[in-house]
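See below for protein25.txt, which holds compact mmCIF, C-alpha atoms.
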```
# COMPACT_ATOMS: atom_id res chain seq x y z
CA MET A 1 -7.25 -15.81 57.52
CA ALA A 2 -5.15 -16.51 60.60
CA ARG A 3 -6.18 -20.19 60.46
CA SER A 4 -4.94 -20.41 56.83
CA LEU A 5 -1.35 -19.61 57.89
CA ASN A 6 1.15 -21.51 60.02
CA LYS A 7 -0.45 -24.89 59.51
CA LEU A 8 2.71 -26.91 60.09
CA SER A 9 4.70 -27.61 63.22
CA ALA A 10 8.44 -28.12 63.67
CA LEU A 11 7.83 -31.72 64.65
CA PHE A 12 5.77 -32.36 61.52
CA VAL A 13 8.47 -30.79 59.35
CA LYS A 14 10.99 -33.23 60.82
CA ASN A 15 8.82 -36.32 60.40
CA ALA A 16 6.68 -35.39 57.39
CA PRO A 17 6.19 -38.06 54.72
CA ALA A 18 7.33 -37.52 51.16
CA GLY A 19 5.13 -35.09 49.26
CA LYS A 20 4.00 -31.46 49.32
CA HIS A 21 2.65 -29.94 52.53
CA SER A 22 1.15 -26.45 52.77
CA ASP A 23 1.91 -24.07 55.61
CA GLY A 24 -0.51 -21.55 54.16
CA GLY A 25 -0.06 -18.29 52.31
CA GLY A 26 1.71 -20.02 49.43
CA LEU A 27 4.49 -21.51 51.59
CA TRP A 28 5.05 -25.20 50.91
CA LEU A 29 7.21 -27.93 52.37
CA VAL A 30 8.37 -30.32 49.64
CA LYS A 31 9.61 -33.51 51.30
CA ARG A 32 11.65 -36.10 49.42
CA GLU A 33 11.74 -39.86 49.80
CA ASP A 34 15.23 -39.70 51.34
CA GLY A 35 13.91 -37.51 54.17
CA GLY A 36 15.34 -34.22 52.90
CA GLY A 37 13.10 -31.28 52.21
CA GLN A 38 12.91 -27.87 50.55
CA TRP A 39 10.88 -24.75 51.22
CA VAL A 40 9.01 -23.28 48.24
CA LEU A 41 6.98 -20.07 48.08
CA ARG A 42 4.23 -19.67 45.51
CA VAL A 43 3.04 -16.16 44.68
CA THR A 44 1.10 -14.57 41.83
CA VAL A 45 2.51 -11.49 40.09
CA HIS A 46 0.73 -9.84 37.16
CA GLY A 47 -1.48 -12.89 36.83
CA ARG A 48 1.50 -15.28 36.64
CA ARG A 49 2.25 -17.87 39.28
CA ARG A 50 5.87 -17.82 40.43
CA GLU A 51 7.65 -20.39 42.57
CA MET A 52 10.83 -19.51 44.38
CA GLY A 53 12.97 -21.77 46.52
CA LEU A 54 13.69 -20.52 50.02
CA GLY A 55 16.26 -23.12 51.05
CA SER A 56 16.64 -26.49 52.66
CA THR A 57 14.80 -27.60 55.78
CA THR A 58 18.17 -28.54 57.29
CA GLU A 59 19.43 -24.97 56.90
CA ILE A 60 16.31 -22.86 57.55
CA SER A 61 13.95 -23.46 60.44
CA LEU A 62 10.18 -23.21 60.18
CA LYS A 63 10.20 -19.93 62.09
CA GLU A 64 12.88 -18.42 59.83
CA VAL A 65 11.23 -19.51 56.60
CA ARG A 66 7.90 -17.99 57.65
CA GLU A 67 9.61 -14.63 58.20
CA THR A 68 11.37 -14.91 54.85
CA ALA A 69 8.15 -15.87 53.10
CA GLU A 70 6.32 -12.87 54.52
CA ARG A 71 9.04 -10.55 53.28
CA TRP A 72 8.71 -11.90 49.73
CA ARG A 73 4.91 -11.83 49.89
CA PHE A 74 5.19 -8.12 50.65
CA ILE A 75 7.43 -7.68 47.61
CA SER A 76 4.94 -9.49 45.39
CA ARG A 77 2.07 -7.37 46.72
CA SER A 78 4.05 -4.39 45.43
CA ASP A 79 3.77 -5.90 41.93
CA LEU A 80 7.43 -6.88 41.89
CA ASP A 81 8.57 -10.32 40.81
CA PRO A 82 10.26 -11.69 43.98
CA ILE A 83 12.61 -13.96 41.99
CA LYS A 84 13.89 -11.11 39.84
CA GLU A 85 14.08 -8.83 42.85
CA ARG A 86 16.19 -11.37 44.72
CA GLN A 87 18.52 -11.65 41.72
CA ARG A 88 18.81 -7.87 41.59
CA GLN A 89 19.61 -7.66 45.29
CA ARG A 90 22.30 -10.31 44.94
CA ARG A 91 23.89 -8.41 42.08
CA GLU A 92 23.88 -5.21 44.11
CA ALA A 93 25.35 -7.01 47.10
CA ALA A 94 28.12 -8.44 44.94
CA LYS A 95 28.97 -4.96 43.68
CA LYS A 96 29.25 -3.70 47.24
CA LEU A 97 31.30 -6.66 48.42
CA ASN A 98 34.63 -5.43 46.96
CA LEU A 99 36.89 -8.19 48.18
CA LEU A 100 40.47 -7.27 48.99
CA ARG A 101 41.70 -9.53 46.20
CA GLU A 102 39.74 -7.49 43.64
CA ILE A 103 40.91 -4.19 45.09
CA ALA A 104 44.54 -5.38 45.12
CA ASN A 105 44.38 -6.41 41.47
CA ASP A 106 42.82 -3.09 40.51
CA ALA A 107 45.43 -1.15 42.50
CA PHE A 108 48.20 -3.11 40.79
CA GLU A 109 46.79 -2.43 37.33
CA SER A 110 46.55 1.29 38.13
CA ARG A 111 50.20 1.44 39.13
CA LYS A 112 51.82 -0.82 36.55
CA ALA A 113 53.01 2.13 34.47
CA GLU A 114 55.02 3.37 37.48
CA LEU A 115 56.75 0.03 37.98
CA LYS A 116 59.89 -1.27 36.34
CA GLY A 117 58.94 -3.25 33.25
CA ASP A 118 55.25 -2.52 33.93
CA GLY A 119 55.52 -4.83 36.94
CA LEU A 120 55.79 -7.90 34.75
CA ALA A 121 58.22 -9.56 37.15
CA GLY A 122 55.50 -9.49 39.82
CA ARG A 123 57.77 -8.10 42.52
CA TRP A 124 55.28 -5.40 43.55
CA PHE A 125 52.40 -7.85 43.83
CA SER A 126 54.19 -10.92 45.20
CA PRO A 127 54.30 -9.83 48.90
CA LEU A 128 50.52 -9.45 48.77
CA GLU A 129 49.97 -12.62 46.79
CA LEU A 130 52.14 -14.77 49.05
CA HIS A 131 51.47 -13.38 52.52
CA VAL A 132 48.24 -11.34 52.56
CA LEU A 133 45.71 -12.54 49.99
CA PRO A 134 45.71 -16.21 51.09
CA LYS A 135 44.22 -15.04 54.41
CA LEU A 136 42.45 -11.77 53.59
CA GLY A 137 41.84 -11.97 49.84
CA GLY A 138 38.26 -13.16 50.29
CA VAL A 139 37.38 -10.53 52.90
CA PRO A 140 35.53 -7.34 51.91
CA VAL A 141 38.03 -4.53 52.10
CA SER A 142 35.65 -2.44 54.21
CA ASP A 143 35.70 -5.17 56.89
CA ILE A 144 39.48 -5.28 57.25
CA ASP A 145 40.86 -3.66 60.38
CA GLN A 146 44.22 -3.42 62.11
CA THR A 147 43.82 -6.67 64.03
CA ASP A 148 43.17 -8.59 60.81
CA ILE A 149 46.34 -7.15 59.33
CA ARG A 150 48.35 -7.76 62.48
CA ASP A 151 47.27 -11.40 62.71
CA THR A 152 48.10 -11.90 59.03
CA LEU A 153 51.61 -10.46 59.12
CA ALA A 154 52.66 -11.40 62.66
CA PRO A 155 54.11 -14.81 61.62
CA ILE A 156 56.65 -13.12 59.28
CA TRP A 157 57.02 -9.71 60.93
CA HIS A 158 60.41 -10.58 62.45
CA SER A 159 61.54 -13.64 60.51
CA LYS A 160 60.97 -12.07 57.08
CA ALA A 161 61.12 -8.44 58.06
CA ASP A 162 61.73 -6.88 54.66
CA THR A 163 59.01 -8.93 52.97
CA ALA A 164 56.56 -8.18 55.79
CA ARG A 165 57.29 -4.46 55.53
CA LYS A 166 56.69 -4.51 51.78
CA ALA A 167 53.45 -6.47 52.25
CA LEU A 168 52.21 -3.90 54.78
CA ASN A 169 53.12 -0.99 52.53
CA ARG A 170 51.37 -2.58 49.54
CA LEU A 171 48.31 -3.25 51.68
CA ALA A 172 48.22 0.39 52.74
CA ILE A 173 48.24 1.37 49.06
CA CYS A 174 45.33 -1.00 48.39
CA ILE A 175 43.30 0.50 51.22
CA ARG A 176 43.95 4.03 49.96
CA HIS A 177 42.96 2.83 46.49
CA ALA A 178 39.68 1.52 47.92
CA ALA A 179 39.07 4.88 49.61
CA ALA A 180 39.68 6.65 46.29
CA LEU A 181 37.02 4.39 44.77
CA GLY A 182 34.55 5.75 47.32
CA LEU A 183 34.47 2.69 49.57
CA GLU A 184 34.15 3.01 53.32
CA VAL A 185 37.47 1.77 54.69
CA ASP A 186 39.70 2.54 57.64
CA ILE A 187 42.46 4.35 55.77
CA GLN A 188 44.68 4.20 58.89
CA ALA A 189 44.31 0.43 59.35
CA ALA A 190 47.79 -0.38 58.05
CA GLU A 191 49.48 2.20 60.28
CA LYS A 192 47.51 0.99 63.29
CA ALA A 193 48.60 -2.57 62.48
CA ARG A 194 52.22 -1.39 62.31
CA ALA A 195 51.85 -0.03 65.85
CA LEU A 196 50.37 -3.33 67.02
CA LEU A 197 53.14 -5.35 65.38
CA GLY A 198 55.85 -3.28 67.05
CA GLN A 199 59.47 -2.70 66.14
CA GLN A 200 61.01 -5.38 63.97
CA ARG A 201 63.87 -7.32 65.55
CA HIS A 202 65.42 -8.19 62.21
CA THR A 203 68.49 -6.15 61.31
CA PRO A 204 68.99 -5.82 57.55
CA LYS A 205 72.33 -7.18 56.38
CA ASN A 206 74.41 -5.56 53.70
CA ILE A 207 75.10 -7.72 50.67
CA PRO A 208 78.62 -9.12 51.08
CA ALA A 209 81.12 -7.29 48.89
CA LEU A 210 84.60 -8.25 47.77
CA PRO A 211 87.25 -5.83 49.09
CA TRP A 212 88.38 -3.65 46.22
CA GLN A 213 91.96 -4.79 46.73
CA GLU A 214 90.92 -8.35 45.82
CA ALA A 215 88.82 -7.40 42.79
CA PRO A 216 91.66 -7.68 40.20
CA ASP A 217 92.47 -11.26 41.23
CA PHE A 218 88.85 -12.31 40.93
CA TYR A 219 88.45 -10.43 37.65
CA SER A 220 91.40 -12.32 36.18
CA THR A 221 89.61 -15.65 36.79
CA LEU A 222 86.71 -14.64 34.51
CA SER A 223 88.51 -15.70 31.38
CA ASP A 224 86.62 -18.55 29.69
CA GLY A 225 84.39 -16.34 27.51
CA THR A 226 81.09 -17.79 28.75
CA VAL A 227 77.98 -15.66 29.16
CA THR A 228 78.33 -15.86 32.96
CA HIS A 229 81.95 -14.73 32.91
CA LEU A 230 81.29 -11.93 30.44
CA ALA A 231 78.26 -10.69 32.38
CA LEU A 232 80.22 -10.62 35.64
CA ARG A 233 83.10 -8.78 33.96
CA LEU A 234 80.81 -6.04 32.64
CA LEU A 235 79.01 -5.86 35.97
CA ILE A 236 82.30 -5.24 37.78
CA LEU A 237 83.58 -2.79 35.18
CA THR A 238 80.50 -0.57 35.11
CA GLY A 239 79.14 -0.81 38.67
CA VAL A 240 75.56 -1.12 37.38
CA ARG A 241 72.87 -3.20 39.02
CA SER A 242 72.33 -6.72 37.73
CA GLY A 243 68.83 -6.05 36.36
CA PRO A 244 69.79 -3.54 33.66
CA LEU A 245 72.91 -5.57 32.87
CA ARG A 246 71.07 -8.86 32.39
CA PHE A 247 68.59 -7.19 30.02
CA LEU A 248 71.25 -5.25 28.12
CA HIS A 249 70.21 -5.03 24.46
CA ASP A 250 72.51 -4.01 21.64
CA GLU A 251 70.16 -1.12 20.81
CA GLN A 252 71.20 0.49 24.09
CA ILE A 253 74.85 0.73 22.97
CA THR A 254 75.90 3.73 20.91
CA GLY A 255 79.63 3.96 20.35
CA ASP A 256 81.19 3.85 23.81
CA ILE A 257 78.02 4.81 25.73
CA TRP A 258 75.46 2.44 27.20
CA THR A 259 72.09 4.13 27.80
CA ILE A 260 69.94 2.44 30.43
CA PRO A 261 66.24 3.33 29.93
CA GLY A 262 64.58 5.11 32.85
CA GLU A 263 61.99 2.37 33.29
CA ALA A 264 64.74 -0.21 33.81
CA GLN A 265 66.20 1.58 36.82
CA LYS A 266 65.56 0.73 40.44
CA GLY A 267 63.07 2.86 42.35
CA ARG A 268 61.52 4.35 39.24
CA ARG A 269 59.01 7.05 40.15
CA GLY A 270 57.07 8.69 37.36
CA ARG A 271 59.38 10.05 34.67
CA THR A 272 62.90 8.82 35.39
CA PRO A 273 65.56 10.04 32.93
CA ASP A 274 67.72 7.58 31.05
CA PHE A 275 71.10 6.87 32.60
CA ARG A 276 74.24 6.99 30.46
CA VAL A 277 77.11 4.65 31.34
CA PRO A 278 80.50 5.45 29.76
CA LEU A 279 82.24 2.28 28.58
CA SER A 280 85.93 1.76 29.20
CA THR A 281 88.17 0.10 26.64
CA GLU A 282 87.92 -3.14 28.63
CA ALA A 283 84.12 -2.90 28.69
CA LEU A 284 84.09 -2.55 24.92
CA LEU A 285 86.23 -5.67 24.61
CA VAL A 286 83.76 -7.57 26.80
CA LEU A 287 80.84 -6.40 24.65
CA GLY A 288 82.72 -7.45 21.55
CA GLU A 289 82.94 -11.01 22.90
CA ALA A 290 79.36 -10.96 24.19
CA ARG A 291 77.97 -9.95 20.81
CA ALA A 292 79.04 -13.31 19.36
CA LEU A 293 76.89 -15.07 21.99
CA SER A 294 73.91 -12.70 21.88
CA ARG A 295 70.39 -13.83 21.02
CA ASP A 296 67.58 -11.60 19.75
CA GLY A 297 69.76 -8.60 20.48
CA PHE A 298 70.21 -9.45 24.18
CA MET A 299 73.89 -9.56 25.05
CA PHE A 300 73.61 -12.05 27.92
CA PRO A 301 71.06 -14.75 26.98
CA SER A 302 70.28 -17.76 29.14
CA VAL A 303 70.90 -21.30 27.93
CA LYS A 304 67.26 -22.00 27.00
CA LYS A 305 65.30 -18.75 26.68
CA GLY A 306 65.26 -15.23 28.00
CA VAL A 307 68.30 -13.68 29.64
CA ILE A 308 70.76 -14.83 32.26
CA SER A 309 69.36 -14.79 35.79
CA ASP A 310 70.81 -12.98 38.76
CA ALA A 311 71.00 -16.33 40.54
CA THR A 312 73.31 -17.70 37.84
CA MET A 313 76.01 -15.15 38.64
CA ALA A 314 75.46 -15.54 42.39
CA ARG A 315 75.75 -19.34 42.20
CA PHE A 316 79.00 -19.00 40.26
CA MET A 317 80.52 -17.00 43.12
CA GLU A 318 79.01 -19.36 45.67
CA ARG A 319 80.60 -22.39 43.97
CA ALA A 320 83.91 -20.54 44.16
CA ASN A 321 83.44 -20.52 47.98
CA MET A 322 83.08 -16.75 48.00
CA GLU A 323 80.98 -14.92 50.55
CA ALA A 324 80.68 -11.89 48.24
CA ARG A 325 77.81 -11.60 45.77
CA PRO A 326 77.48 -9.82 42.40
CA HIS A 327 75.62 -6.79 43.77
CA GLY A 328 78.48 -6.24 46.20
CA PHE A 329 80.79 -5.10 43.41
CA ARG A 330 78.98 -1.76 43.50
CA SER A 331 80.36 -1.35 47.02
CA SER A 332 83.79 -2.49 45.86
CA LEU A 333 83.81 0.23 43.20
CA ARG A 334 82.47 2.86 45.61
CA ASP A 335 85.11 2.04 48.23
CA TRP A 336 87.87 2.13 45.59
CA ILE A 337 86.71 5.58 44.48
CA ALA A 338 86.64 6.86 48.07
CA GLU A 339 90.00 5.41 49.12
CA THR A 340 92.15 5.89 46.01
CA THR A 341 90.80 8.97 44.22
CA ASP A 342 89.80 12.52 45.08
CA THR A 343 86.51 12.25 43.17
CA PRO A 344 83.77 14.63 44.41
CA GLU A 345 80.93 12.94 46.25
CA SER A 346 78.35 13.91 43.63
CA ILE A 347 80.28 12.29 40.78
CA ALA A 348 81.03 9.19 42.85
CA GLU A 349 77.34 8.75 43.60
CA LEU A 350 76.30 9.41 39.99
CA THR A 351 78.75 6.74 38.86
CA LEU A 352 76.60 4.20 40.70
CA GLY A 353 73.39 5.71 39.33
CA HIS A 354 72.34 7.13 42.70
CA THR A 355 70.11 10.18 42.94
CA VAL A 356 72.14 13.20 43.97
CA GLY A 357 70.71 16.36 45.52
CA ASN A 358 67.13 17.38 46.17
CA LYS A 359 64.48 17.97 43.53
CA VAL A 360 65.38 21.64 43.07
CA GLU A 361 69.10 20.91 42.73
CA ARG A 362 68.43 18.18 40.17
CA ALA A 363 66.15 20.50 38.21
CA TYR A 364 68.93 23.09 37.81
CA ARG A 365 71.74 20.62 37.14
CA ARG A 366 72.22 20.29 33.40
CA THR A 367 75.01 17.70 33.32
CA ASP A 368 75.43 14.05 34.23
CA PHE A 369 79.24 14.44 34.44
CA LEU A 370 79.67 11.86 31.70
CA GLU A 371 83.27 12.73 30.84
CA GLN A 372 84.38 12.79 34.47
CA ARG A 373 82.75 9.42 35.02
CA ARG A 374 84.36 8.10 31.83
CA LEU A 375 87.85 8.88 33.20
CA LEU A 376 86.94 7.35 36.56
CA LEU A 377 85.66 4.06 35.10
CA GLN A 378 88.66 3.84 32.78
CA LYS A 379 90.96 4.09 35.80
CA TRP A 380 88.88 1.39 37.52
CA ALA A 381 89.19 -0.85 34.46
CA ASP A 382 92.95 -0.23 34.32
CA PHE A 383 93.19 -1.19 37.99
CA LEU A 384 91.20 -4.39 37.44
CA THR A 385 93.17 -5.51 34.40
CA GLY A 386 96.61 -4.20 35.25
CA ARG A 387 96.70 -2.25 32.00
CA THR A 388 98.24 1.18 31.80
CA ALA A 389 96.24 4.21 30.73
CA VAL A 390 97.98 4.24 27.33
CA ASP A 391 96.73 0.77 26.38
CA GLN A 392 93.93 1.15 23.86
CA VAL A 393 91.38 -1.19 22.34
CA PRO A 394 91.71 -1.55 18.56
CA PRO A 395 89.43 0.95 16.76
CA GLU A 396 87.51 -1.79 14.94
CA VAL A 397 86.33 -3.29 18.28
CA SER A 398 84.59 -0.10 19.42
CA MET A 399 83.01 0.32 16.00
CA ASN A 400 81.60 -3.21 16.04
CA VAL A 401 79.78 -2.69 19.31
```

What do you get writing this file as C-alpha cells?
Amino acid sequence: MARSLNKLSALFVKNAPAGKHSDGGGLWLVKREDGGGQWVLRVTVHGRRREMGLGSTTEISLKEVRETAERWRFISRSDLDPIKERQRQRREAAKKLNLLREIANDAFESRKAELKGDGLAGRWFSPLELHVLPKLGGVPVSDIDQTDIRDTLAPIWHSKADTARKALNRLAICIRHAAALGLEVDIQAAEKARALLGQQRHTPKNIPALPWQEAPDFYSTLSDGTVTHLALRLLILTGVRSGPLRFLHDEQITGDIWTIPGEAQKGRRGRTPDFRVPLSTEALLVLGEARALSRDGFMFPSVKKGVISDATMARFMERANMEARPHGFRSSLRDWIAETTDTPESIAELTLGHTVGNKVERAYRRTDFLEQRRLLLQKWADFLTGRTAVDQVPPEVSMNV
C-alpha cells in the first residue's frame, strides 16, 4: 500500500509533461500544455466517484496537497461527500467571519430610530464610512484590537479632532453591538486605543457670532424677500438651530406657535418631547412672505429640489465679508438676554431649546414657560426691527400662517 502512495516528486511536478499523473490514493496532477497544473482528488462515496479540485500547483506544494488529500480521504471514509462538506465548512466560516463593515451596518440599522430623521442624513455613519471602514471594514470584528484602531485614527486624531472622536465613539458602539450578538470581541478596545492616541491637541472653536448690538443693522439688510433672506430672518428672530428651520413645514405652524417635532431636535435620545416656539409679530410677517415661496409645504425650498441648505445661508454671510455664521445668532440672542434683561436662567436656556435641570426636575416640571418666552422673543424682535411694543401685525397675516 505504501508503494501506491507518494509516487511523484517535486521535481517531476515542476517538469511534468501535459497530461494526468497519479500520486496514488486518488490524488492526481493534471498538467496543461502551457505548463500550469491543478491538483485533483478522486474519491468514491456511496458508490459514486467524486472529483474535487485542491488548488493550483503554483499555490500548493506537493507536501501540502498530500496532507490536504489525506484529510479529505478521511472525510470520505466517514461516508461524507468531501465536496459538500467543504461547501458546508465554508458557509460556517463565512457566518463566523463577521466583518466590521457588516457589524457597523447592523449597529446603524438598530439605532436608526434613535437618530434624527432616522439617520437619513448619514451623519452618524459617515465618520465610520470615511475614516474607519476603508481600513478596517474587511477585518473580522473579533480580530480588531486597540493598535488597529490607533493606527487607523492616528492620522486624523489631532488634525480632525472632532471627527476622530466621533469615529472612535461610533466604533465603540459597533464593538459593543458585536458583543451583544455573542461574538468574542475586546469590548475595551476603543478605550484602550483612546489611551494610546493620547490627549488631542486640537482646541474646539466656537462658531463666530455677531455681537447682539450689531444684529439690528444686519437684520435690516435682509430685505429682498428671497428664500435665503427670509430663512435668515426667521433664524435670527427665533434662535432655533438651522436644521429644524430649513425643514420647517406649514403643518408645524398653528396660529402663532411653531412646534418642532422631537425627532428633529439635536441630541435626540429616545422619546424627546416636541418643542414649542412662540412666534413674534415680525416672525409671523416673515412666514407670511415665505408661504408665497413655499413648495410641497416646506417654507424654505431650495432652487431645484428639497430645502435650502445650511451652506447657502453661511455662504451669504461669507460673501458679505462677515466672520459670523448663522448658528452664531443663537449666541447673539443668548448674550442679549443676559445683558439686557433679568430673565431667569431656566427660561433663557429653554428659549434656545436647551435641556434644563436633571431628569427628576424635568419629570416634575409641567410647563415650558411658553408665555414668558413669547414676551422675551417679542422684545428681541422689537429690538431687531426698531419697532415699539405697541406695533402689531395685521390680524389677517397671523390667520394666513

Could you write out as JSON the box around range 244-259 of chain A (axis-aligned, all atoms listed in the file, 8 Å on each side), with centre and edge lengths in Å to one decimal?
```
{"center_x": 74.9, "center_y": -2.0, "center_z": 27.0, "size_x": 28.6, "size_y": 29.7, "size_z": 29.3}
```

| task | Give me the residues within 9 Å of range 274-282 of chain A as number ranges by chain, counting all atoms listed in the file and dropping any in the same chain fewer than 4 places off. | result | A: 234, 237-238, 240, 255-265, 286-287, 351, 353, 368, 370-371, 373-375, 377-382, 385, 391-394, 398

- Can you work out the spacing between CA of Asn105 in chain A and CA of Arg150 in chain A in Å, to one decimal?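 According to the coordinates, CA of Asn105 in chain A and CA of Arg150 in chain A are separated by 21.4 Å.
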
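Between CA of Phe125 in chain A and CA of Leu100 in chain A lies a distance of 13.0 Å.
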
Excluding same-chain residues fewer than 6 positions from Gln188 in chain A, what lies within 9 Å of it counting only C-alpha atoms, as a PDB file with C-alpha atoms, in the frame of the given file?
```
ATOM      1  CA  ASP A 145      40.860  -3.660  60.380  1.00  0.00           C
ATOM      2  CA  GLN A 146      44.220  -3.420  62.110  1.00  0.00           C
ATOM      3  CA  ALA A 172      48.220   0.390  52.740  1.00  0.00           C
ATOM      4  CA  ILE A 175      43.300   0.500  51.220  1.00  0.00           C
ATOM      5  CA  ARG A 176      43.950   4.030  49.960  1.00  0.00           C
TER       6      ARG A 176
END
```

Leaving out Ala178 in chain A and any residue of its chain fewer than 5 positions from it, which residues lie within 10 Å of it when counting all atoms listed in the file, given as a list in words?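 Within the cut-off, the hits are Asn98, Leu100, Glu102, Ile103, Ala104, Asp106, Ala107, Val141, Ser142, Ala172, Ile173, Leu183, Glu184, Val185, Asp186 and Ile187 of chain A.
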
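Taking CA of Lys7 in chain A and CA of Ile83 in chain A as the two end points, the separation is 24.4 Å.
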
Judged by all atoms listed in the file, the minimum distance to Gly306 in chain A among A:Thr355, A:Ser294, A:Ser223, A:Thr254 is found for A:Ser294

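Of the residues under consideration (A:Trp39, A:Phe329, A:Phe369, A:Phe383), A:Phe369 shows the shortest atom-to-atom contact distance to Ile347 in chain A when counting all atoms listed in the file.
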
Requested in this report: Show which residues sit within 8 Å of Ile236 in chain A, as a PyMOL selection string. Count all atoms listed in the file, and ignore same-chain residues fewer than 3 positions away.
Outcome: chain A and resi 232-233+239-240+329-330+333

Q.
Taking 5 positions as the minimum chain separation for residues in the same chain, which residues sit within 8 Å of Leu54 in chain A when counting all atoms listed in the file? Answer as a ChimeraX atom specification.
A. /A:38-41,65,68-69

Same residues, C-alpha atoms, saved as an mmCIF file, in the frame of the given file:
```cif
data_model
loop_
_atom_site.group_PDB
_atom_site.id
_atom_site.type_symbol
_atom_site.label_atom_id
_atom_site.label_comp_id
_atom_site.auth_asym_id
_atom_site.auth_seq_id
_atom_site.Cartn_x
_atom_site.Cartn_y
_atom_site.Cartn_z
ATOM 1 C CA GLN A 38 12.910 -27.870 50.550
ATOM 2 C CA TRP A 39 10.880 -24.750 51.220
ATOM 3 C CA VAL A 40 9.010 -23.280 48.240
ATOM 4 C CA LEU A 41 6.980 -20.070 48.080
ATOM 5 C CA VAL A 65 11.230 -19.510 56.600
ATOM 6 C CA THR A 68 11.370 -14.910 54.850
ATOM 7 C CA ALA A 69 8.150 -15.870 53.100
#
```

Distance cut-off 12 Å, centre (10.4, -28.2, 63.1) in file coordinates, counting all atoms listed in the file: which residues qualify? Return them as a CSV table (one decimal) with C-alpha atoms, in the frame of the given file.
```csv
chain,number,residue,atom,x,y,z
A,6,ASN,CA,1.2,-21.5,60.0
A,7,LYS,CA,-0.4,-24.9,59.5
A,8,LEU,CA,2.7,-26.9,60.1
A,9,SER,CA,4.7,-27.6,63.2
A,10,ALA,CA,8.4,-28.1,63.7
A,11,LEU,CA,7.8,-31.7,64.6
A,12,PHE,CA,5.8,-32.4,61.5
A,13,VAL,CA,8.5,-30.8,59.4
A,14,LYS,CA,11.0,-33.2,60.8
A,15,ASN,CA,8.8,-36.3,60.4
A,16,ALA,CA,6.7,-35.4,57.4
A,29,LEU,CA,7.2,-27.9,52.4
A,37,GLY,CA,13.1,-31.3,52.2
A,57,THR,CA,14.8,-27.6,55.8
A,58,THR,CA,18.2,-28.5,57.3
A,59,GLU,CA,19.4,-25.0,56.9
A,60,ILE,CA,16.3,-22.9,57.6
A,61,SER,CA,14.0,-23.5,60.4
A,62,LEU,CA,10.2,-23.2,60.2
A,63,LYS,CA,10.2,-19.9,62.1
A,64,GLU,CA,12.9,-18.4,59.8
A,65,VAL,CA,11.2,-19.5,56.6
A,66,ARG,CA,7.9,-18.0,57.6
```

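Remark: for Glu109 in chain A, the closest of the candidate residues A:Lys304, A:Asp310, A:Ala283, A:Cys174 is A:Cys174 (distances computed over only C-alpha atoms).
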
Using all atoms listed in the file, the shortest atom-to-atom distance to Leu128 in chain A among A:Phe108, A:Trp72, A:Tyr219, A:Trp28 belongs to A:Phe108
